$ cat model_17.txt   # compact mmCIF, C-alpha atoms and all ligand atoms
# COMPACT_ATOMS: atom_id res chain seq x y z
CA MET A 1 9.91 19.62 -13.24
CA GLU A 2 9.52 16.28 -11.51
CA PRO A 3 6.35 16.04 -9.37
CA PRO A 4 7.04 16.04 -5.62
CA VAL A 5 7.95 12.69 -4.12
CA VAL A 6 5.72 11.29 -1.39
CA GLY A 7 7.07 8.20 0.32
CA ARG A 8 5.38 6.23 3.04
CA LEU A 9 5.96 4.08 6.07
CA ALA A 10 3.21 1.51 6.58
CA PRO A 11 3.92 -0.61 9.65
CA SER A 12 1.47 -3.16 11.00
CA PRO A 13 1.01 -2.86 14.79
CA THR A 14 1.45 -6.56 15.34
CA GLY A 15 4.56 -6.50 17.52
CA ARG A 16 7.89 -4.78 17.95
CA LEU A 17 9.88 -3.81 14.87
CA HIS A 18 13.01 -5.78 14.01
CA LEU A 19 16.08 -5.04 11.91
CA GLY A 20 14.29 -6.07 8.71
CA HIS A 21 11.69 -3.39 9.31
CA ALA A 22 14.40 -0.93 10.28
CA ARG A 23 16.12 -1.53 6.95
CA SER A 24 12.96 -1.20 4.81
CA PHE A 25 11.81 1.91 6.68
CA LEU A 26 15.21 3.60 6.57
CA LEU A 27 15.45 2.94 2.82
CA ALA A 28 11.92 4.25 2.24
CA TRP A 29 12.70 7.37 4.28
CA TRP A 30 16.08 7.96 2.64
CA SER A 31 14.59 7.50 -0.82
CA ALA A 32 11.92 10.16 -0.30
CA ARG A 33 13.78 12.60 1.93
CA SER A 34 16.99 12.52 -0.15
CA ARG A 35 14.96 13.99 -3.03
CA GLY A 36 13.27 16.61 -0.85
CA GLY A 37 10.09 14.53 -0.69
CA SER A 38 7.61 14.13 2.10
CA VAL A 39 6.91 10.95 4.03
CA VAL A 40 3.51 9.90 5.31
CA LEU A 41 2.83 7.33 7.99
CA ARG A 42 0.03 4.81 7.81
CA ILE A 43 -0.76 2.22 10.45
CA ASP A 44 -1.99 -0.98 8.81
CA ASP A 45 -4.31 -2.00 11.63
CA LEU A 46 -7.10 -3.73 9.68
CA ASP A 47 -6.26 -7.26 10.75
CA GLY A 48 -7.86 -7.21 14.20
CA THR A 49 -6.73 -10.72 15.03
CA ARG A 50 -3.05 -9.79 14.60
CA VAL A 51 -3.07 -6.27 16.02
CA LYS A 52 -1.62 -6.20 19.54
CA PRO A 53 -2.93 -3.79 22.16
CA GLY A 54 -0.49 -0.95 22.74
CA ALA A 55 1.59 -1.86 19.67
CA VAL A 56 0.86 1.38 17.79
CA ALA A 57 2.59 3.50 20.42
CA LEU A 58 5.55 1.10 20.52
CA VAL A 59 5.91 1.09 16.72
CA LEU A 60 5.92 4.92 16.71
CA LYS A 61 8.52 4.84 19.48
CA ASP A 62 10.71 2.46 17.46
CA LEU A 63 10.44 4.65 14.33
CA GLU A 64 11.34 7.77 16.30
CA TRP A 65 14.23 5.98 17.96
CA LEU A 66 15.53 5.14 14.49
CA GLY A 67 15.56 8.87 13.76
CA LEU A 68 12.67 8.81 11.28
CA ASP A 69 9.99 11.46 11.05
CA TRP A 70 6.86 11.94 8.95
CA ASP A 71 4.60 14.67 7.73
CA GLY A 72 1.15 15.12 9.23
CA GLU A 73 -0.70 12.80 11.54
CA PRO A 74 -0.46 9.02 11.16
CA LEU A 75 -3.40 7.57 9.25
CA MET A 76 -5.05 4.60 10.90
CA GLN A 77 -6.36 2.23 8.26
CA THR A 78 -9.35 1.42 10.46
CA ALA A 79 -10.42 5.06 10.04
CA ARG A 80 -10.79 4.40 6.32
CA THR A 81 -13.54 1.78 6.59
CA ALA A 82 -16.16 3.91 4.77
CA ALA A 83 -13.85 4.54 1.81
CA HIS A 84 -12.99 0.84 1.60
CA ALA A 85 -16.69 -0.10 1.70
CA GLU A 86 -17.48 2.41 -1.04
CA ALA A 87 -14.76 0.96 -3.27
CA LEU A 88 -16.03 -2.58 -2.65
CA ASP A 89 -19.58 -1.55 -3.59
CA LEU A 90 -18.25 0.00 -6.77
CA LEU A 91 -16.34 -3.14 -7.73
CA VAL A 92 -19.42 -5.31 -7.18
CA ALA A 93 -21.66 -2.86 -9.07
CA ARG A 94 -19.25 -2.95 -12.01
CA GLY A 95 -19.15 -6.73 -11.99
CA LEU A 96 -15.44 -6.70 -11.14
CA ALA A 97 -15.80 -8.34 -7.73
CA TYR A 98 -18.18 -11.05 -6.53
CA ALA A 99 -19.37 -12.69 -3.34
CA CYS A 100 -17.77 -15.99 -2.38
CA VAL A 101 -18.98 -18.35 0.35
CA CYS A 102 -16.28 -21.02 -0.06
CA THR A 103 -14.40 -22.19 2.99
CA ARG A 104 -10.66 -22.69 2.87
CA LYS A 105 -11.19 -26.45 3.02
CA GLU A 106 -13.62 -26.39 0.09
CA ILE A 107 -11.18 -24.35 -1.97
CA GLU A 108 -8.36 -26.75 -1.22
CA GLU A 109 -10.51 -29.70 -2.17
CA ALA A 110 -11.82 -28.10 -5.37
CA ALA A 111 -8.55 -26.67 -6.56
CA SER A 112 -5.96 -28.73 -8.30
CA ALA A 113 -2.55 -28.87 -6.63
CA PRO A 114 -1.20 -25.49 -5.59
CA HIS A 115 0.56 -23.69 -8.41
CA ALA A 116 4.00 -25.20 -8.94
CA GLY A 117 6.57 -23.30 -6.92
CA GLY A 118 3.92 -21.44 -4.94
CA ASP A 119 2.43 -22.33 -1.61
CA GLU A 120 -0.85 -20.63 -2.34
CA THR A 121 -3.97 -22.47 -3.41
CA VAL A 122 -5.35 -21.07 -6.65
CA TYR A 123 -9.00 -20.14 -6.28
CA PRO A 124 -10.87 -22.24 -8.86
CA GLY A 125 -13.64 -19.66 -9.42
CA THR A 126 -16.43 -21.70 -7.79
CA CYS A 127 -18.55 -18.68 -6.84
CA ARG A 128 -17.92 -16.60 -9.98
CA GLY A 129 -21.29 -15.49 -11.33
CA ARG A 130 -23.27 -17.22 -8.53
CA PHE A 131 -24.52 -14.28 -6.46
CA SER A 132 -25.34 -10.64 -7.14
CA SER A 133 -24.08 -9.40 -3.74
CA ARG A 134 -22.80 -10.48 -0.33
CA ALA A 135 -26.33 -10.14 1.02
CA ALA A 136 -27.73 -12.34 -1.76
CA ALA A 137 -25.03 -14.94 -1.08
CA ARG A 138 -25.88 -14.97 2.63
CA GLU A 139 -29.58 -15.27 1.85
CA ALA A 140 -29.04 -18.17 -0.52
CA THR A 141 -26.54 -20.15 1.55
CA GLY A 142 -26.84 -18.94 5.14
CA ARG A 143 -23.11 -18.26 5.08
CA GLN A 144 -21.13 -15.06 5.37
CA ALA A 145 -19.52 -14.12 2.06
CA ALA A 146 -16.11 -12.69 1.23
CA LEU A 147 -15.58 -10.65 -1.94
CA ARG A 148 -13.11 -11.66 -4.63
CA LEU A 149 -11.74 -9.64 -7.52
CA ARG A 150 -12.17 -11.16 -10.96
CA VAL A 151 -8.73 -11.78 -12.38
CA GLU A 152 -8.31 -12.25 -16.11
CA PRO A 153 -5.54 -14.51 -17.43
CA GLY A 154 -2.32 -12.90 -18.58
CA ASP A 155 0.63 -11.10 -17.10
CA VAL A 156 0.31 -8.04 -14.90
CA ARG A 157 3.34 -5.93 -15.77
CA PHE A 158 5.01 -3.15 -13.86
CA GLU A 159 8.44 -1.68 -13.39
CA ASP A 160 10.16 -2.07 -10.04
CA ALA A 161 12.71 0.66 -9.36
CA LEU A 162 15.11 -1.87 -7.88
CA ARG A 163 14.29 -5.10 -9.69
CA GLY A 164 13.37 -3.85 -13.15
CA PRO A 165 10.47 -5.11 -15.29
CA GLN A 166 8.11 -7.51 -13.51
CA ALA A 167 5.41 -9.81 -14.83
CA PHE A 168 3.02 -11.84 -12.68
CA ASP A 169 0.23 -14.02 -14.00
CA VAL A 170 -2.07 -13.57 -11.01
CA ALA A 171 -4.83 -15.73 -12.53
CA ARG A 172 -2.41 -18.65 -12.63
CA THR A 173 -0.73 -18.11 -9.25
CA ALA A 174 -3.67 -17.00 -7.09
CA GLY A 175 -6.83 -16.73 -9.18
CA ASP A 176 -9.63 -14.39 -8.12
CA PHE A 177 -8.26 -13.09 -4.82
CA VAL A 178 -10.02 -11.83 -1.70
CA VAL A 179 -10.64 -8.08 -1.49
CA ALA A 180 -13.02 -8.19 1.50
CA ARG A 181 -12.99 -10.75 4.26
CA LYS A 182 -16.11 -12.57 5.42
CA ASP A 183 -16.52 -10.07 8.28
CA GLY A 184 -16.67 -7.30 5.65
CA VAL A 185 -13.26 -5.82 6.52
CA ALA A 186 -11.19 -4.77 3.50
CA ALA A 187 -8.35 -7.13 2.65
CA TYR A 188 -4.76 -5.85 2.61
CA GLN A 189 -4.66 -6.03 -1.22
CA LEU A 190 -7.65 -3.70 -1.49
CA ALA A 191 -6.90 -1.24 1.29
CA THR A 192 -3.27 -0.65 0.30
CA PRO A 193 -3.73 0.95 -3.15
CA ILE A 194 -6.81 2.87 -1.97
CA ASP A 195 -5.03 4.37 1.03
CA ASP A 196 -1.78 4.96 -0.86
CA ALA A 197 -3.79 7.02 -3.39
CA TYR A 198 -5.65 8.82 -0.60
CA GLN A 199 -2.38 9.82 1.06
CA GLY A 200 -0.91 10.94 -2.28
CA VAL A 201 1.88 8.37 -2.10
CA THR A 202 4.08 8.40 -5.22
CA GLU A 203 6.50 5.62 -4.25
CA VAL A 204 6.30 2.47 -2.18
CA VAL A 205 9.53 1.06 -0.77
CA ARG A 206 9.01 -2.22 1.11
CA GLY A 207 10.30 -5.76 1.54
CA ASP A 208 10.45 -8.03 -1.49
CA ASP A 209 8.14 -10.59 0.15
CA LEU A 210 5.44 -8.18 -1.05
CA LEU A 211 6.51 -8.19 -4.71
CA PRO A 212 3.68 -10.57 -5.77
CA SER A 213 1.26 -8.33 -3.85
CA ALA A 214 2.28 -5.39 -6.03
CA ALA A 215 0.73 -7.13 -9.04
CA ARG A 216 -2.53 -7.67 -7.14
CA GLN A 217 -2.57 -4.09 -5.93
CA GLN A 218 -2.01 -2.97 -9.52
CA LEU A 219 -5.13 -4.94 -10.54
CA VAL A 220 -7.17 -3.37 -7.73
CA GLY A 221 -5.86 0.08 -8.64
CA ASP A 222 -6.74 -0.45 -12.32
CA ALA A 223 -10.23 -1.67 -11.43
CA LEU A 224 -10.83 1.45 -9.33
CA GLY A 225 -9.08 3.89 -11.65
CA LEU A 226 -6.40 4.73 -9.09
CA THR A 227 -2.82 5.75 -9.76
CA VAL A 228 -0.66 3.07 -8.18
CA PRO A 229 2.66 4.40 -6.81
CA LEU A 230 6.06 3.46 -8.20
CA GLN A 231 7.41 0.36 -6.51
CA ALA A 232 10.81 -0.50 -5.08
CA HIS A 233 11.04 -3.87 -3.35
CA VAL A 234 14.11 -4.20 -1.17
CA SER A 235 15.71 -7.44 0.02
CA LEU A 236 14.58 -8.88 3.28
CA VAL A 237 17.03 -9.34 6.10
CA HIS A 238 17.90 -12.92 6.95
CA ALA A 239 19.37 -14.14 10.21
CA ALA A 240 22.82 -15.74 10.09
CA ASP A 241 21.15 -19.20 10.06
CA GLY A 242 19.41 -18.26 6.80
CA HIS A 243 15.96 -17.78 8.30
CA ARG A 244 14.06 -14.66 7.45
CA LEU A 245 13.62 -12.29 10.38
CA ALA A 246 10.13 -12.46 11.75
CA LYS A 247 8.56 -10.44 14.47
CA ARG A 248 8.70 -13.47 16.72
CA ALA A 249 12.50 -13.35 16.53
CA GLY A 250 12.30 -11.29 19.70
CA SER A 251 16.02 -11.24 20.32
CA LEU A 252 16.45 -9.12 17.20
CA SER A 253 13.74 -6.59 17.95
CA LEU A 254 14.87 -2.99 18.02
CA GLU A 255 13.74 -2.85 21.63
CA GLU A 256 16.07 -5.70 22.59
CA LEU A 257 18.94 -4.17 20.67
CA ARG A 258 18.34 -0.83 22.36
CA SER A 259 18.29 -2.49 25.80
CA ALA A 260 21.55 -4.22 24.94
CA GLY A 261 23.12 -0.83 24.27
CA VAL A 262 22.99 -0.72 20.46
CA SER A 263 22.48 2.88 19.33
CA PRO A 264 20.20 3.97 16.47
CA GLU A 265 23.32 5.40 14.81
CA ARG A 266 24.83 1.91 14.71
CA VAL A 267 21.64 0.50 13.16
CA ALA A 268 21.63 3.30 10.55
CA ARG A 269 25.31 2.65 9.78
CA TRP A 270 24.67 -1.04 9.24
CA VAL A 271 21.70 -0.33 6.93
CA ALA A 272 23.70 2.34 5.06
CA GLU A 273 26.50 -0.14 4.49
CA SER A 274 24.02 -2.74 3.23
CA ALA A 275 22.58 -0.10 0.89
CA GLY A 276 25.85 0.60 -0.86
CA LEU A 277 26.45 3.99 0.79
CA SER A 278 29.99 5.13 1.34
CA GLY A 279 31.44 6.67 4.50
CA THR A 280 30.10 3.92 6.70
CA GLU A 281 33.17 3.69 8.95
CA ARG A 282 31.41 5.31 11.87
CA PRO A 283 27.85 5.33 13.21
CA ARG A 284 25.76 8.36 12.30
CA PRO A 285 22.07 9.25 12.68
CA ALA A 286 19.59 8.45 9.88
CA LYS A 287 19.42 12.03 8.64
CA ASP A 288 23.18 12.09 8.02
CA TRP A 289 22.89 9.49 5.27
CA LEU A 290 20.58 11.45 2.98
CA GLU A 291 23.34 12.81 0.84
CA GLY A 292 24.55 10.23 -1.62
CA PHE A 293 21.57 7.92 -1.27
CA THR A 294 20.22 6.51 -4.52
CA MET A 295 17.98 3.52 -4.95
CA GLU A 296 20.08 2.41 -7.94
CA ARG A 297 22.99 1.68 -5.65
CA VAL A 298 21.04 -0.55 -3.27
CA PRO A 299 22.12 -4.17 -3.86
CA ARG A 300 19.47 -6.71 -4.80
CA LEU A 301 21.15 -9.52 -2.88
CA PRO A 302 19.64 -10.89 0.33
CA VAL A 303 20.99 -9.16 3.41
CA VAL A 304 22.39 -11.39 6.12
CA LEU A 305 22.72 -10.25 9.67
CA PRO A 306 25.89 -11.02 11.62
CA ALA A 307 25.47 -13.93 14.05
CA ASP A 308 25.91 -11.58 17.00
CA PRO A 309 24.27 -8.30 15.97
CA VAL A 310 24.65 -6.71 19.41
CA SER A 311 28.42 -6.66 19.21
CA ARG A 312 28.86 -6.63 15.44
CA LEU A 313 26.42 -3.99 14.23
N1 LIG A 401 1.94 -3.22 6.77
C1 LIG A 401 2.64 -4.17 5.98
C2 LIG A 401 3.70 -4.87 6.81
O1 LIG A 401 4.09 -4.40 7.85
C3 LIG A 401 3.33 -3.54 4.80
C4 LIG A 401 2.37 -3.05 3.81
C5 LIG A 401 2.98 -2.41 2.58
O2 LIG A 401 4.11 -1.90 2.64
O3 LIG A 401 2.28 -2.39 1.59
O4 LIG A 401 4.15 -5.92 6.44
$ encode --input "model_17.txt" --output "structure tokens"
Amino acid sequence: MEPPVVGRLAPSPTGRLHLGHARSFLLAWWSARSRGGSVVLRIDDLDGTRVKPGAVALVLKDLEWLGLDWDGEPLMQTARTAAHAEALDLLVARGLAYACVCTRKEIEEAASAPHAGGDETVYPGTCRGRFSSRAAAREATGRQAALRLRVEPGDVRFEDALRGPQAFDVARTAGDFVVARKDGVAAYQLATPIDDAYQGVTEVVRGDDLLPSAARQQLVGDALGLTVPLQAHVSLVHAADGHRLAKRAGSLSLEELRSAGVSPERVARWVAESAGLSGTERPRPAKDWLEGFTMERVPRLPVVLPADPVSRL
């Protein structure tokens, strides 16, 4: 028998949700629930500079409005600080992560041009082997230190349920990447696989902007001996002008759509249609689309929103 499916919703409380989030979250929920699986909710609230006061309650409201539910209490990532710190200590003790005092400017100056085709500066490894710990780095330089994971050259391979076999040479595209920020807070790439494993998540469905992150999270998971969930990266939603929807595109937030009279059933219908489901002639609530949902049928093409979503959805 197949092991039970555990899907997850992992919003960041950085603003109101938009249609791109609605699509990723509906697909994640349909994928798990259509196979009788459970769904856990995690609030990715580690990035204190981006978290907006009151946003958690509004994100939960948006998810509920969409007709989504979850099992158990939401997990706040900030409640997992001790587990993140323990994992970081382990990585340093095993020689798999090291303290780094470089500033962004120093990295840019030391690195050769950013990797062709990427906009990320590749970390040149300046602090590799320099310090035994963050404390030692601070002592020696008077600077706060981040922690970076040692990345060996070669492809990180994994299978994406939607996009097939993937290979990312993280050493070439990013180099040793940050797993703890200079203030000691766990980086997204570290916290995600740790908390997915803690919540028993078996599959991650999220936007394909995070596909390169999946390779990094695989490396973190391997270094910590964690089982990394199956991955399915779904297309992002683009506005009619070709721009990717961002949270700042306020006019497309679910809240604005709701105020303009768009029902959650209409949003679900639009997402269902974009996911290759049949019977999309009329709006229906999220739970009415479970039957017939399969990830295999979800198109890999970018999804473009009509120019006037309020009247066209
Ligand atoms: N919290 C992240 C976001 O809202 C997603 C994290 C993930 O799915 O791994 O972009």
$ residues_near_ligand --input "model_17.txt" --ligand "ligand LIG 401 (chain A)" --cutoff "6 Å" --atoms "all atoms listed in the file" --output "JSON, numbers by chain"
{"A": [10, 11, 12, 44, 192, 206]}
$ residues_around --input "model_17.txt" --residues "A:Arg269" --least-positions-apart "3" --cutoff "8 Å" --atoms "only C-alpha atoms" --output "list in words"
Glu265, Arg266, Ala272, Glu273, Thr280, Glu281, Arg282, Pro283, Arg284 and Pro285 of chain A
$ write_last_selection --input "model_17.txt" --atoms "C-alpha atoms" --output "mmCIF file, keeping the file's coordinate frame"
data_model
loop_
_atom_site.group_PDB
_atom_site.id
_atom_site.type_symbol
_atom_site.label_atom_id
_atom_site.label_comp_id
_atom_site.auth_asym_id
_atom_site.auth_seq_id
_atom_site.Cartn_x
_atom_site.Cartn_y
_atom_site.Cartn_z
ATOM 1 C CA GLU A 265 23.320 5.400 14.810
ATOM 2 C CA ARG A 266 24.830 1.910 14.710
ATOM 3 C CA ALA A 272 23.700 2.340 5.060
ATOM 4 C CA GLU A 273 26.500 -0.140 4.490
ATOM 5 C CA THR A 280 30.100 3.920 6.700
ATOM 6 C CA GLU A 281 33.170 3.690 8.950
ATOM 7 C CA ARG A 282 31.410 5.310 11.870
ATOM 8 C CA PRO A 283 27.850 5.330 13.210
ATOM 9 C CA ARG A 284 25.760 8.360 12.300
ATOM 10 C CA PRO A 285 22.070 9.250 12.680
#
$ closest_residue --input "model_17.txt" --among "A:Asp176, A:Glu120, A:Asp241, A:Asp47" --to "A:Arg216" --atoms "all atoms listed in the file"
A:Asp176
$ residues_around --input "model_17.txt" --residues "stretch 224-235 of chain A" --least-positions-apart "3" --cutoff "9 Å" --atoms "all atoms listed in the file" --output "CSV table (one decimal) with C-alpha atoms, keeping the file's coordinate frame"
chain,number,residue,atom,x,y,z
A,20,GLY,CA,14.3,-6.1,8.7
A,23,ARG,CA,16.1,-1.5,7.0
A,24,SER,CA,13.0,-1.2,4.8
A,27,LEU,CA,15.4,2.9,2.8
A,28,ALA,CA,11.9,4.2,2.2
A,87,ALA,CA,-14.8,1.0,-3.3
A,90,LEU,CA,-18.2,0.0,-6.8
A,91,LEU,CA,-16.3,-3.1,-7.7
A,158,PHE,CA,5.0,-3.2,-13.9
A,159,GLU,CA,8.4,-1.7,-13.4
A,160,ASP,CA,10.2,-2.1,-10.0
A,161,ALA,CA,12.7,0.7,-9.4
A,162,LEU,CA,15.1,-1.9,-7.9
A,163,ARG,CA,14.3,-5.1,-9.7
A,193,PRO,CA,-3.7,1.0,-3.2
A,194,ILE,CA,-6.8,2.9,-2.0
A,196,ASP,CA,-1.8,5.0,-0.9
A,197,ALA,CA,-3.8,7.0,-3.4
A,200,GLY,CA,-0.9,10.9,-2.3
A,201,VAL,CA,1.9,8.4,-2.1
A,202,THR,CA,4.1,8.4,-5.2
A,203,GLU,CA,6.5,5.6,-4.2
A,204,VAL,CA,6.3,2.5,-2.2
A,205,VAL,CA,9.5,1.1,-0.8
A,206,ARG,CA,9.0,-2.2,1.1
A,207,GLY,CA,10.3,-5.8,1.5
A,208,ASP,CA,10.4,-8.0,-1.5
A,209,ASP,CA,8.1,-10.6,0.2
A,210,LEU,CA,5.4,-8.2,-1.0
A,211,LEU,CA,6.5,-8.2,-4.7
A,214,ALA,CA,2.3,-5.4,-6.0
A,217,GLN,CA,-2.6,-4.1,-5.9
A,218,GLN,CA,-2.0,-3.0,-9.5
A,219,LEU,CA,-5.1,-4.9,-10.5
A,220,VAL,CA,-7.2,-3.4,-7.7
A,221,GLY,CA,-5.9,0.1,-8.6
A,295,MET,CA,18.0,3.5,-5.0
A,298,VAL,CA,21.0,-0.6,-3.3
A,299,PRO,CA,22.1,-4.2,-3.9
A,300,ARG,CA,19.5,-6.7,-4.8
A,301,LEU,CA,21.2,-9.5,-2.9
A,302,PRO,CA,19.6,-10.9,0.3
A,303,VAL,CA,21.0,-9.2,3.4
$ closest_residue --input "model_17.txt" --among "A:Ile107, A:Ala174, A:Leu277, A:Leu147" --to "A:Ala85" --atoms "all atoms listed in the file"
A:Leu147
$ atom_distance --input "model_17.txt" --atom1 "atom CA of A:Gly37" --atom2 "atom CA of A:Pro4"
6.0 Å
$ atom_distance --input "model_17.txt" --atom1 "atom CA of A:Val56" --atom2 "atom CA of A:Ser311"
28.7 Å
$ atom_distance --input "model_17.txt" --atom1 "atom CA of A:Ala110" --atom2 "atom CA of A:Gly142"
20.5 Å
$ closest_residue --input "model_17.txt" --among "A:Ala82, A:Leu66, A:Ala111, A:Leu41" --to "A:Arg258" --atoms "only C-alpha atoms"
A:Leu66
$ closest_residue --input "model_17.txt" --among "A:Arg172, A:Arg42, A:Arg33, A:Arg134" --to "A:Gly154" --atoms "all atoms listed in the file"
A:Arg172
$ closest_residue --input "model_17.txt" --among "A:Ser263, A:Ser274, A:Thr14, A:Thr294" --to "A:Gly67" --atoms "all atoms listed in the file"
A:Ser263
$ closest_residue --input "model_17.txt" --among "A:Pro124, A:Ala307, A:Trp289, A:Thr78" --to "A:Ser34" --atoms "all atoms listed in the file"
A:Trp289
$ residues_near_point --input "model_17.txt" --point "(15.4, 1.0, 23.0)" --cutoff "9 Å" --atoms "all atoms listed in the file" --output "number ranges by chain"
A: 61-62, 65, 254-264
$ residues_around --input "model_17.txt" --residues "stretch 178-182 of chain A" --least-positions-apart "6" --cutoff "8 Å" --atoms "all atoms listed in the file" --output "JSON list (two decimals) with C-alpha atoms, in the coordinates of the input"
[["chain", "number", "residue", "atom", "x", "y", "z"],
["A", 88, "LEU", "CA", -16.03, -2.58, -2.65],
["A", 144, "GLN", "CA", -21.13, -15.06, 5.37],
["A", 145, "ALA", "CA", -19.52, -14.12, 2.06],
["A", 146, "ALA", "CA", -16.11, -12.69, 1.23],
["A", 147, "LEU", "CA", -15.58, -10.65, -1.94],
["A", 148, "ARG", "CA", -13.11, -11.66, -4.63],
["A", 149, "LEU", "CA", -11.74, -9.64, -7.52],
["A", 188, "TYR", "CA", -4.76, -5.85, 2.61],
["A", 189, "GLN", "CA", -4.66, -6.03, -1.22],
["A", 190, "LEU", "CA", -7.65, -3.70, -1.49]]
$ axis_aligned_box --input "model_17.txt" --around "stretch 76-80 of chain A" --padding-each-side "5 Å" --output "lines of an AutoDock Vina configuration file"
center_x = -7.9
center_y = 3.2
center_z = 8.6
size_x = 15.7
size_y = 13.6
size_z = 14.6
$ residues_around --input "model_17.txt" --residues "A:Leu252" --least-positions-apart "5" --cutoff "10 Å" --atoms "only C-alpha atoms" --output "PyMOL selection string"
chain A and resi 16-20+239+245-247+257-258+305+308-310
